[in-house]
>>> print(open('my_file.pdb').read())   # PDB, C-alpha atoms
ATOM      1  CA  MET J   1     139.484  73.514  76.201
ATOM      2  CA  PRO J   2     141.383  70.168  75.995
ATOM      3  CA  VAL J   3     144.945  70.237  74.720
ATOM      4  CA  ALA J   4     145.858  68.745  71.351
ATOM      5  CA  GLY J   5     146.307  64.972  71.291
ATOM      6  CA  TRP J   6     144.875  61.589  70.452
ATOM      7  CA  TYR J   7     141.427  60.873  71.922
ATOM      8  CA  PRO J   8     138.875  58.048  71.512
ATOM      9  CA  ASP J   9     137.224  58.535  68.156
ATOM     10  CA  PRO J  10     133.974  60.469  68.793
ATOM     11  CA  ALA J  11     132.494  58.513  65.894
ATOM     12  CA  GLY J  12     132.428  55.522  68.271
ATOM     13  CA  VAL J  13     134.749  53.231  66.306
ATOM     14  CA  PRO J  14     136.123  50.664  68.794
ATOM     15  CA  LYS J  15     139.868  50.878  69.559
ATOM     16  CA  ARG J  16     140.249  53.848  67.222
ATOM     17  CA  TYR J  17     141.654  57.236  68.154
ATOM     18  CA  ARG J  18     141.310  60.573  66.356
ATOM     19  CA  TYR J  19     143.603  63.572  66.630
ATOM     20  CA  TRP J  20     142.290  66.766  68.275
ATOM     21  CA  ASP J  21     144.450  69.711  67.144
ATOM     22  CA  GLY J  22     143.376  71.952  70.003
ATOM     23  CA  SER J  23     140.449  73.582  68.239
ATOM     24  CA  ARG J  24     138.840  70.899  66.100
ATOM     25  CA  TRP J  25     138.945  67.211  65.141
ATOM     26  CA  SER J  26     141.424  66.324  62.420
ATOM     27  CA  SER J  27     141.003  63.729  59.672
ATOM     28  CA  PHE J  28     143.753  61.526  61.154
ATOM     29  CA  THR J  29     142.982  58.344  63.111
ATOM     30  CA  THR J  30     145.140  55.614  64.637
ATOM     31  CA  ASP J  31     144.907  52.503  66.761
ATOM     32  CA  ASP J  32     147.893  53.602  68.886
ATOM     33  CA  PRO J  33     147.364  56.818  70.880
ATOM     34  CA  ARG J  34     151.114  56.899  71.655
ATOM     35  CA  ARG J  35     151.865  57.931  68.082
ATOM     36  CA  PRO J  36     153.245  61.416  67.571
ATOM     37  CA  ALA J  37     150.934  64.101  66.263
ATOM     38  CA  PRO J  38     150.381  64.031  62.504
ATOM     39  CA  GLY J  39     153.180  65.892  60.717
ATOM     40  CA  GLU J  40     155.603  65.663  63.679
ATOM     41  CA  GLY J  41     157.180  62.332  62.785
ATOM     42  CA  PRO J  42     156.493  58.898  61.322
ATOM     43  CA  ALA J  43     152.933  57.899  61.868
ATOM     44  CA  SER J  44     152.456  54.894  59.704
ATOM     45  CA  GLY J  45     149.465  53.884  61.843
ATOM     46  CA  SER J  46     147.730  57.235  61.158
ATOM     47  CA  THR J  47     145.049  57.196  58.547
ATOM     48  CA  PRO J  48     143.421  60.299  57.136
ATOM     49  CA  THR J  49     139.627  60.014  57.196
ATOM     50  CA  GLU J  50     136.708  62.381  57.060
ATOM     51  CA  PRO J  51     137.005  64.931  59.893
ATOM     52  CA  ALA J  52     134.780  63.994  62.833
ATOM     53  CA  GLN J  53     131.918  66.242  63.832
ATOM     54  CA  GLY J  54     131.306  67.346  67.410
ATOM     55  CA  GLY J  55     132.766  69.403  70.206
ATOM     56  CA  PRO J  56     136.038  69.023  72.051
ATOM     57  CA  PRO J  57     136.765  65.813  73.938
ATOM     58  CA  SER J  58     136.083  65.826  77.682
ATOM     59  CA  GLY J  59     137.378  62.381  78.523
ATOM     60  CA  PRO J  60     136.906  58.835  77.278
ATOM     61  CA  SER J  61     133.640  58.945  75.325
ATOM     62  CA  ARG J  62     132.776  55.259  75.812
ATOM     63  CA  ARG J  63     133.033  55.667  79.547
ATOM     64  CA  ARG J  64     130.906  58.791  79.340
ATOM     65  CA  ARG J  65     128.237  57.000  77.320
ATOM     66  CA  LEU J  66     128.236  54.049  79.734
ATOM     67  CA  GLY J  67     127.806  56.419  82.682
ATOM     68  CA  LEU J  68     124.949  58.148  80.900
ATOM     69  CA  ILE J  69     123.199  54.827  80.237
ATOM     70  CA  ILE J  70     123.613  53.745  83.888
ATOM     71  CA  GLY J  71     122.214  57.086  85.039
ATOM     72  CA  VAL J  72     119.158  56.809  82.799
ATOM     73  CA  VAL J  73     118.449  53.243  84.007
ATOM     74  CA  ALA J  74     118.801  54.289  87.649
ATOM     75  CA  VAL J  75     116.348  57.150  87.194
ATOM     76  CA  ALA J  76     113.848  54.829  85.468
ATOM     77  CA  VAL J  77     114.061  52.269  88.291
ATOM     78  CA  THR J  78     113.625  54.985  90.928
ATOM     79  CA  VAL J  79     110.544  56.351  89.176
ATOM     80  CA  ALA J  80     109.019  52.865  88.869
ATOM     81  CA  VAL J  81     109.592  52.065  92.565
ATOM     82  CA  ALA J  82     108.144  55.426  93.589
ATOM     83  CA  ALA J  83     105.065  54.824  91.442
ATOM     84  CA  ILE J  84     104.474  51.393  93.032
ATOM     85  CA  PHE J  85     104.857  52.820  96.567
ATOM     86  CA  ILE J  86     102.477  55.699  95.877
ATOM     87  CA  ASP J  87      99.879  53.343  94.396
ATOM     88  CA  ASN J  88     100.085  50.985  97.378
ATOM     89  CA  PHE J  89      99.873  53.877  99.854
ATOM     90  CA  ARG J  90      96.795  55.266  98.117
ATOM     91  CA  SER J  91      95.184  51.810  98.251
ATOM     92  CA  LEU J  92      95.933  51.551 101.977
ATOM     93  CA  ILE J  93      94.465  54.885 103.010
ATOM     94  CA  GLY J  94      91.567  54.403 100.631
ATOM     95  CA  ASN J  95      90.355  51.186 102.286
ATOM     96  CA  PRO J  96      87.057  51.759 104.057
ATOM     97  CA  LEU J  97      86.659  51.030 107.736
ATOM     98  CA  PRO J  98      85.643  47.381 108.270
ATOM     99  CA  SER J  99      81.967  47.168 109.163
ATOM    100  CA  PRO J 100      80.718  44.904 111.952
ATOM    101  CA  THR J 101      80.164  41.354 110.714
ATOM    102  CA  ALA J 102      76.479  40.708 110.101
ATOM    103  CA  ARG J 103      75.010  37.353 111.017
ATOM    104  CA  GLY J 104      72.617  35.578 108.703
ATOM    105  CA  SER J 105      69.242  34.574 110.029
ATOM    106  CA  GLY J 106      70.155  30.897 109.821
ATOM    107  CA  GLU J 107      73.329  31.214 111.890
ATOM    108  CA  SER J 108      73.655  30.390 115.559
ATOM    109  CA  SER J 109      73.896  33.316 117.952
ATOM    110  CA  ALA J 110      76.165  31.410 120.297
ATOM    111  CA  ASN J 111      79.282  33.308 119.297
ATOM    112  CA  PRO J 112      79.591  37.077 118.889
ATOM    113  CA  ARG J 113      81.410  37.878 115.656
ATOM    114  CA  THR J 114      84.342  40.251 115.978
ATOM    115  CA  THR J 115      86.070  42.350 113.352
ATOM    116  CA  SER J 116      89.634  43.350 114.267
ATOM    117  CA  THR J 117      90.350  46.904 113.229
ATOM    118  CA  PRO J 118      93.786  48.588 113.203
ATOM    119  CA  GLU J 119      93.980  51.619 115.431
ATOM    120  CA  SER J 120      94.760  53.894 112.500
ATOM    121  CA  GLN J 121      91.513  52.912 110.759
ATOM    122  CA  THR J 122      89.091  52.947 113.684
ATOM    123  CA  PRO J 123      86.973  55.897 114.769
ATOM    124  CA  SER J 124      88.983  57.923 117.242
ATOM    125  CA  ALA J 125      88.053  57.264 120.830
ATOM    126  CA  THR J 126      88.604  60.967 121.523
ATOM    127  CA  ALA J 127      86.897  62.360 118.402
ATOM    128  CA  THR J 128      83.828  62.900 120.620
ATOM    129  CA  PRO J 129      84.487  63.553 124.323
ATOM    130  CA  LEU J 130      83.726  60.610 126.569
ATOM    131  CA  VAL J 131      80.462  60.757 128.486
ATOM    132  CA  ARG J 132      80.529  62.324 131.926
ATOM    133  CA  CYS J 133      79.022  59.382 133.785
ATOM    134  CA  PRO J 134      75.335  60.328 134.143
ATOM    135  CA  LYS J 135      72.926  59.541 136.940
ATOM    136  CA  GLY J 136      70.914  56.556 135.797
ATOM    137  CA  ASN J 137      68.679  54.051 137.541
ATOM    138  CA  PRO J 138      70.212  50.565 137.391
ATOM    139  CA  ASN J 139      67.322  49.076 139.415
ATOM    140  CA  LEU J 140      64.701  50.247 136.897
ATOM    141  CA  ARG J 141      63.877  46.991 135.204
ATOM    142  CA  ALA J 142      62.230  46.498 131.818
ATOM    143  CA  SER J 143      59.995  43.561 130.944
ATOM    144  CA  HIS J 144      61.976  40.436 130.071
ATOM    145  CA  PRO J 145      61.099  36.771 129.463
ATOM    146  CA  THR J 146      61.633  34.116 132.099
ATOM    147  CA  ASP J 147      63.710  31.683 130.091
ATOM    148  CA  GLY J 148      66.722  30.663 132.175
ATOM    149  CA  ARG J 149      68.734  33.607 130.893
ATOM    150  CA  VAL J 150      69.963  36.800 132.567
ATOM    151  CA  HIS J 151      68.491  39.829 130.745
ATOM    152  CA  GLY J 152      69.473  43.501 130.769
ATOM    153  CA  GLY J 153      68.785  46.018 128.013
ATOM    154  CA  ASN J 154      68.671  44.069 124.750
ATOM    155  CA  LEU J 155      71.386  41.585 125.818
ATOM    156  CA  SER J 156      71.147  38.288 127.683
ATOM    157  CA  PHE J 157      73.329  35.353 128.663
ATOM    158  CA  GLU J 158      72.584  31.881 129.930
ATOM    159  CA  GLU J 159      72.484  31.622 133.724
ATOM    160  CA  GLN J 160      75.728  30.245 135.119
ATOM    161  CA  PRO J 161      74.978  27.442 137.606
ATOM    162  CA  THR J 162      78.235  27.922 139.520
ATOM    163  CA  PHE J 163      77.395  31.592 140.230
ATOM    164  CA  GLU J 164      74.820  32.982 142.638
ATOM    165  CA  PRO J 165      71.318  33.698 141.318
ATOM    166  CA  ALA J 166      70.899  36.855 139.284
ATOM    167  CA  ALA J 167      70.424  40.049 141.305
ATOM    168  CA  LEU J 168      70.400  43.835 140.938
ATOM    169  CA  GLU J 169      73.674  45.794 140.943
ATOM    170  CA  PRO J 170      73.270  49.431 142.089
ATOM    171  CA  ARG J 171      76.943  50.289 141.512
ATOM    172  CA  PHE J 172      76.187  50.675 137.781
ATOM    173  CA  SER J 173      74.729  54.038 138.784
ATOM    174  CA  PHE J 174      75.069  55.479 135.251
ATOM    175  CA  ALA J 175      72.978  52.715 133.615
ATOM    176  CA  TYR J 176      69.503  51.191 133.565
ATOM    177  CA  ASP J 177      67.922  47.741 133.695
ATOM    178  CA  VAL J 178      71.009  46.051 135.180
ATOM    179  CA  LEU J 179      71.075  42.434 136.309
ATOM    180  CA  GLN J 180      74.107  40.334 137.195
ATOM    181  CA  GLN J 181      75.428  37.075 138.591
ATOM    182  CA  THR J 182      78.371  36.961 140.996
ATOM    183  CA  VAL J 183      80.543  34.512 142.884
ATOM    184  CA  PRO J 184      82.827  35.397 145.845
ATOM    185  CA  VAL J 185      86.556  34.904 145.257
ATOM    186  CA  SER J 186      87.983  36.560 148.393
ATOM    187  CA  GLN J 187      86.478  36.674 151.887
ATOM    188  CA  ASN J 188      88.856  38.734 154.051
ATOM    189  CA  THR J 189      88.693  41.759 151.773
ATOM    190  CA  PRO J 190      85.539  40.987 149.765
ATOM    191  CA  TRP J 191      86.066  40.495 146.019
ATOM    192  CA  ILE J 192      83.751  38.944 143.463
ATOM    193  CA  ALA J 193      83.717  37.700 139.907
ATOM    194  CA  GLN J 194      80.725  39.134 138.076
ATOM    195  CA  LEU J 195      78.739  38.904 134.844
ATOM    196  CA  ALA J 196      76.362  41.808 134.178
ATOM    197  CA  VAL J 197      74.076  43.127 131.426
ATOM    198  CA  GLY J 198      72.157  46.390 131.247
ATOM    199  CA  GLN J 199      71.316  49.458 129.185
ATOM    200  CA  LEU J 200      73.024  52.786 128.424
ATOM    201  CA  ARG J 201      70.715  55.511 127.175
ATOM    202  CA  GLY J 202      71.361  57.806 124.248
ATOM    203  CA  LYS J 203      69.644  60.722 126.003
ATOM    204  CA  ASP J 204      72.368  60.577 128.676
ATOM    205  CA  GLY J 205      75.005  61.407 126.064
ATOM    206  CA  PHE J 206      76.088  57.953 124.921
ATOM    207  CA  VAL J 207      76.746  58.890 121.307
ATOM    208  CA  ASN J 208      76.139  57.119 118.014
ATOM    209  CA  ASP J 209      79.664  55.671 118.076
ATOM    210  CA  PRO J 210      80.194  52.184 119.542
ATOM    211  CA  ARG J 211      83.856  52.661 120.357
ATOM    212  CA  ASN J 212      83.271  55.952 122.141
ATOM    213  CA  THR J 213      80.349  54.371 124.009
ATOM    214  CA  VAL J 214      82.348  51.369 125.222
ATOM    215  CA  GLU J 215      85.245  53.645 126.219
ATOM    216  CA  SER J 216      82.765  55.691 128.243
ATOM    217  CA  LEU J 217      81.480  52.476 129.847
ATOM    218  CA  VAL J 218      85.025  51.478 130.832
ATOM    219  CA  ARG J 219      85.687  54.881 132.376
ATOM    220  CA  CYS J 220      82.419  54.920 134.329
ATOM    221  CA  VAL J 221      83.112  51.446 135.743
ATOM    222  CA  MET J 222      86.725  52.243 136.690
ATOM    223  CA  THR J 223      85.917  55.597 138.309
ATOM    224  CA  GLY J 224      82.887  54.219 140.170
ATOM    225  CA  ASN J 225      82.643  52.363 143.456
ATOM    226  CA  MET J 226      83.669  49.012 141.990
ATOM    227  CA  TYR J 227      87.298  49.957 141.272
ATOM    228  CA  SER J 228      88.213  53.522 142.242
ATOM    229  CA  PRO J 229      88.908  52.713 145.952
ATOM    230  CA  TYR J 230      91.534  50.216 144.788
ATOM    231  CA  LEU J 231      93.668  52.553 142.603
ATOM    232  CA  PRO J 232      93.101  50.628 139.340
ATOM    233  CA  THR J 233      95.407  50.511 136.326
ATOM    234  CA  ARG J 234      94.047  49.432 132.935
ATOM    235  CA  THR J 235      96.012  47.516 130.293
ATOM    236  CA  ASP J 236      94.090  46.780 127.087
ATOM    237  CA  ILE J 237      94.403  43.397 125.370
ATOM    238  CA  ARG J 238      92.173  44.140 122.381
ATOM    239  CA  SER J 239      89.701  46.707 121.107
ATOM    240  CA  GLU J 240      87.593  45.704 118.129
ATOM    241  CA  GLY J 241      84.228  45.923 116.421
ATOM    242  CA  LEU J 242      81.739  43.093 116.763
ATOM    243  CA  SER J 243      78.197  42.059 115.922
ATOM    244  CA  ILE J 244      75.729  40.049 117.996
ATOM    245  CA  ASP J 245      72.604  38.927 116.160
ATOM    246  CA  ARG J 246      73.085  41.735 113.635
ATOM    247  CA  HIS J 247      73.465  44.383 116.314
ATOM    248  CA  GLY J 248      76.755  46.180 115.673
ATOM    249  CA  GLY J 249      78.924  47.213 118.582
ATOM    250  CA  TRP J 250      82.390  47.232 120.121
ATOM    251  CA  LEU J 251      84.414  45.121 122.558
ATOM    252  CA  ILE J 252      87.301  46.046 124.837
ATOM    253  CA  GLU J 253      89.216  43.335 126.704
ATOM    254  CA  SER J 254      91.490  44.603 129.476
ATOM    255  CA  GLU J 255      93.434  43.648 132.554
ATOM    256  CA  ILE J 256      92.629  45.928 135.477
ATOM    257  CA  THR J 257      95.224  45.655 138.223
ATOM    258  CA  VAL J 258      94.682  47.113 141.695
ATOM    259  CA  ASP J 259      97.041  48.451 144.344
ATOM    260  CA  ARG J 260      95.785  46.924 147.574
ATOM    261  CA  PRO J 261      98.186  44.637 149.479
ATOM    262  CA  ASP J 262      95.302  43.358 151.636
ATOM    263  CA  LEU J 263      93.629  41.806 148.583
ATOM    264  CA  ALA J 264      94.133  38.161 147.683
ATOM    265  CA  VAL J 265      93.909  39.028 143.971
ATOM    266  CA  ALA J 266      96.035  41.268 141.743
ATOM    267  CA  GLY J 267      93.040  42.521 139.793
ATOM    268  CA  ASP J 268      90.606  41.396 137.121
ATOM    269  CA  HIS J 269      90.499  40.140 133.571
ATOM    270  CA  THR J 270      87.613  42.184 132.153
ATOM    271  CA  ILE J 271      85.515  42.341 129.005
ATOM    272  CA  PHE J 272      83.299  45.306 128.120
ATOM    273  CA  ILE J 273      80.804  45.042 125.242
ATOM    274  CA  VAL J 274      78.215  47.454 123.853
ATOM    275  CA  VAL J 275      75.737  46.765 121.034
ATOM    276  CA  ARG J 276      73.133  48.990 119.429
ATOM    277  CA  ASP J 277      69.612  48.991 120.866
ATOM    278  CA  GLY J 278      67.769  51.530 118.716
ATOM    279  CA  LYS J 279      68.866  54.935 120.046
ATOM    280  CA  ASP J 280      70.258  53.252 123.160
ATOM    281  CA  TRP J 281      72.870  50.585 123.875
ATOM    282  CA  GLY J 282      72.886  47.191 125.484
ATOM    283  CA  PHE J 283      76.039  46.471 127.490
ATOM    284  CA  PHE J 284      77.810  43.477 128.972
ATOM    285  CA  PHE J 285      80.474  43.577 131.679
ATOM    286  CA  GLY J 286      82.422  40.537 132.795
ATOM    287  CA  ALA J 287      85.211  40.444 135.395
ATOM    288  CA  VAL J 288      87.109  37.464 136.820
ATOM    289  CA  PRO J 289      90.319  37.432 138.888
ATOM    290  CA  LEU J 290      93.582  37.514 136.975
ATOM    291  CA  GLY J 291      95.119  34.068 136.595
ATOM    292  CA  ASN J 292      91.963  32.118 137.489
ATOM    293  CA  ALA J 293      91.667  29.677 134.581
ATOM    294  CA  GLN J 294      88.381  28.156 135.793
ATOM    295  CA  LEU J 295      86.582  31.497 135.948
ATOM    296  CA  ASP J 296      88.207  32.625 132.684
ATOM    297  CA  ALA J 297      86.525  29.632 131.051
ATOM    298  CA  VAL J 298      83.163  30.695 132.503
ATOM    299  CA  LEU J 299      83.670  34.230 131.163
ATOM    300  CA  ALA J 300      84.541  32.924 127.693
ATOM    301  CA  SER J 301      81.509  30.615 127.674
ATOM    302  CA  THR J 302      79.224  33.472 128.733
ATOM    303  CA  ILE J 303      80.447  35.709 125.921
ATOM    304  CA  ARG J 304      79.985  32.953 123.354
ATOM    305  CA  GLY J 305      76.380  32.628 124.527
ATOM    306  CA  LEU J 306      75.479  36.320 124.424
ATOM    307  CA  ARG J 307      72.303  37.144 122.510
ATOM    308  CA  ALA J 308      70.818  40.449 121.390
ATOM    309  CA  ARG J 309      67.201  41.212 120.512
TER     310      ARG J 309
END
>>> encode(input="my_file.pdb", output="structure tokens")
Amino acid sequence: MPVAGWYPDPAGVPKRYRYWDGSRWSSFTTDDPRRPAPGEGPASGSTPTEPAQGGPPSGPSRRRRLGLIIGVVAVAVTVAVAAIFIDNFRSLIGNPLPSPTARGSGESSANPRTTSTPESQTPSATATPLVRCPKGNPNLRASHPTDGRVHGGNLSFEEQPTFEPAALEPRFSFAYDVLQQTVPVSQNTPWIAQLAVGQLRGKDGFVNDPRNTVESLVRCVMTGNMYSPYLPTRTDIRSEGLSIDRHGGWLIESEITVDRPDLAVAGDHTIFIVVRDGKDWGFFFGAVPLGNAQLDAVLASTIRGLRAR
């Protein structure tokens, strides 16, 4: 309990003090808290008024009220900020996964449309186990038009005049209907740049998930005869959904480096693409030596000219 003395008037009168006698508020007020207690000496500045109501003083009341106001404002601001954050977070996690961009019938098919998708919003590459590379028949060819394009599965690209004529590629042993163009880039230890299209079959386990399917394609290529003897290391540049002539799919662009000092190249700049083909998948694989700007331009041109049927 506070001792007797002059305290800021609990009634809130500015620069006015009221006497607390140790158990209750008195009727005496003053503007000078140095005055003696009422009845103990001259107190010409003391004025009897109606006794104040309320409990004992616990310190300067104005300061207490100011602190209370500041506290209330701080709590209100904190609540408002928290509400905004929660609303934004809910909006973020509630956004649906971007769908592959569809192409209108009047648009050119010269450029596959891609839809960048943050990793946190894409289907997990490991949600379904990757395919154990099956035994296919890459030399089993389907019927395709003779139109100056290289066809495999439901994909095709315009023949590249600087590359060798299209030929079969048996090293895609997990696939079907494979055709490719190549050009030699190293003679001592043979190395080629290549552009290939073909088909992956749903019955072999390639699931109804474009990202999982293209990841399986990457693994089968890297663990097969094309790269595994060279101890490859993969570094992804991008992984994103795409659409070619309204066929949804997925693209992975990577650098595959190799550990072979006898090679004249450090590895390949590669692009893997899969697009839906009914229950199956059409695929494209392109690989050119790292740092070869001329062949990079050919690869980019080929991808822009991909068509799906």
>>> resolve_selection(input="my_file.pdb", expression="the PyMOL selection byres ((chain J and resi 13) around 12)", output="ChimeraX atom specification")
/J:7-12,14-18,29-31,52,61-62
>>> resolve_selection(input="my_file.pdb", expression="the PyMOL selection byres ((chain J and resi 205) around 9)", output="list of chain:residue names")
J:Leu130, J:Val131, J:Arg132, J:Cys133, J:Pro134, J:Arg201, J:Gly202, J:Lys203, J:Asp204, J:Phe206, J:Val207
>>> closest_residue(input="my_file.pdb", among="J:Trp250, J:Ala196, J:Asp268, J:Val218", to="Tyr230 (chain J)", atoms="all atoms listed in the file")
J:Asp268
>>> closest_atom_pairs(input="my_file.pdb", of="region 208-263 of chain J", to="region 157-173 of chain J", cutoff="10 Å", atoms="all atoms listed in the file", output="tab-separated table")
residue	atom	partner	partner_atom	distance
J:Leu217	CA	J:Phe172	CA	9.7
J:Cys220	CA	J:Phe172	CA	8.3
J:Val221	CA	J:Phe172	CA	7.3
J:Gly224	CA	J:Arg171	CA	7.3
J:Asn225	CA	J:Arg171	CA	6.4
J:Met226	CA	J:Arg171	CA	6.9
>>> closest_residue(input="my_file.pdb", among="J:Trp191, J:Trp6, J:Trp281, J:Trp20", to="Gly267 (chain J)", atoms="all atoms listed in the file")
J:Trp191
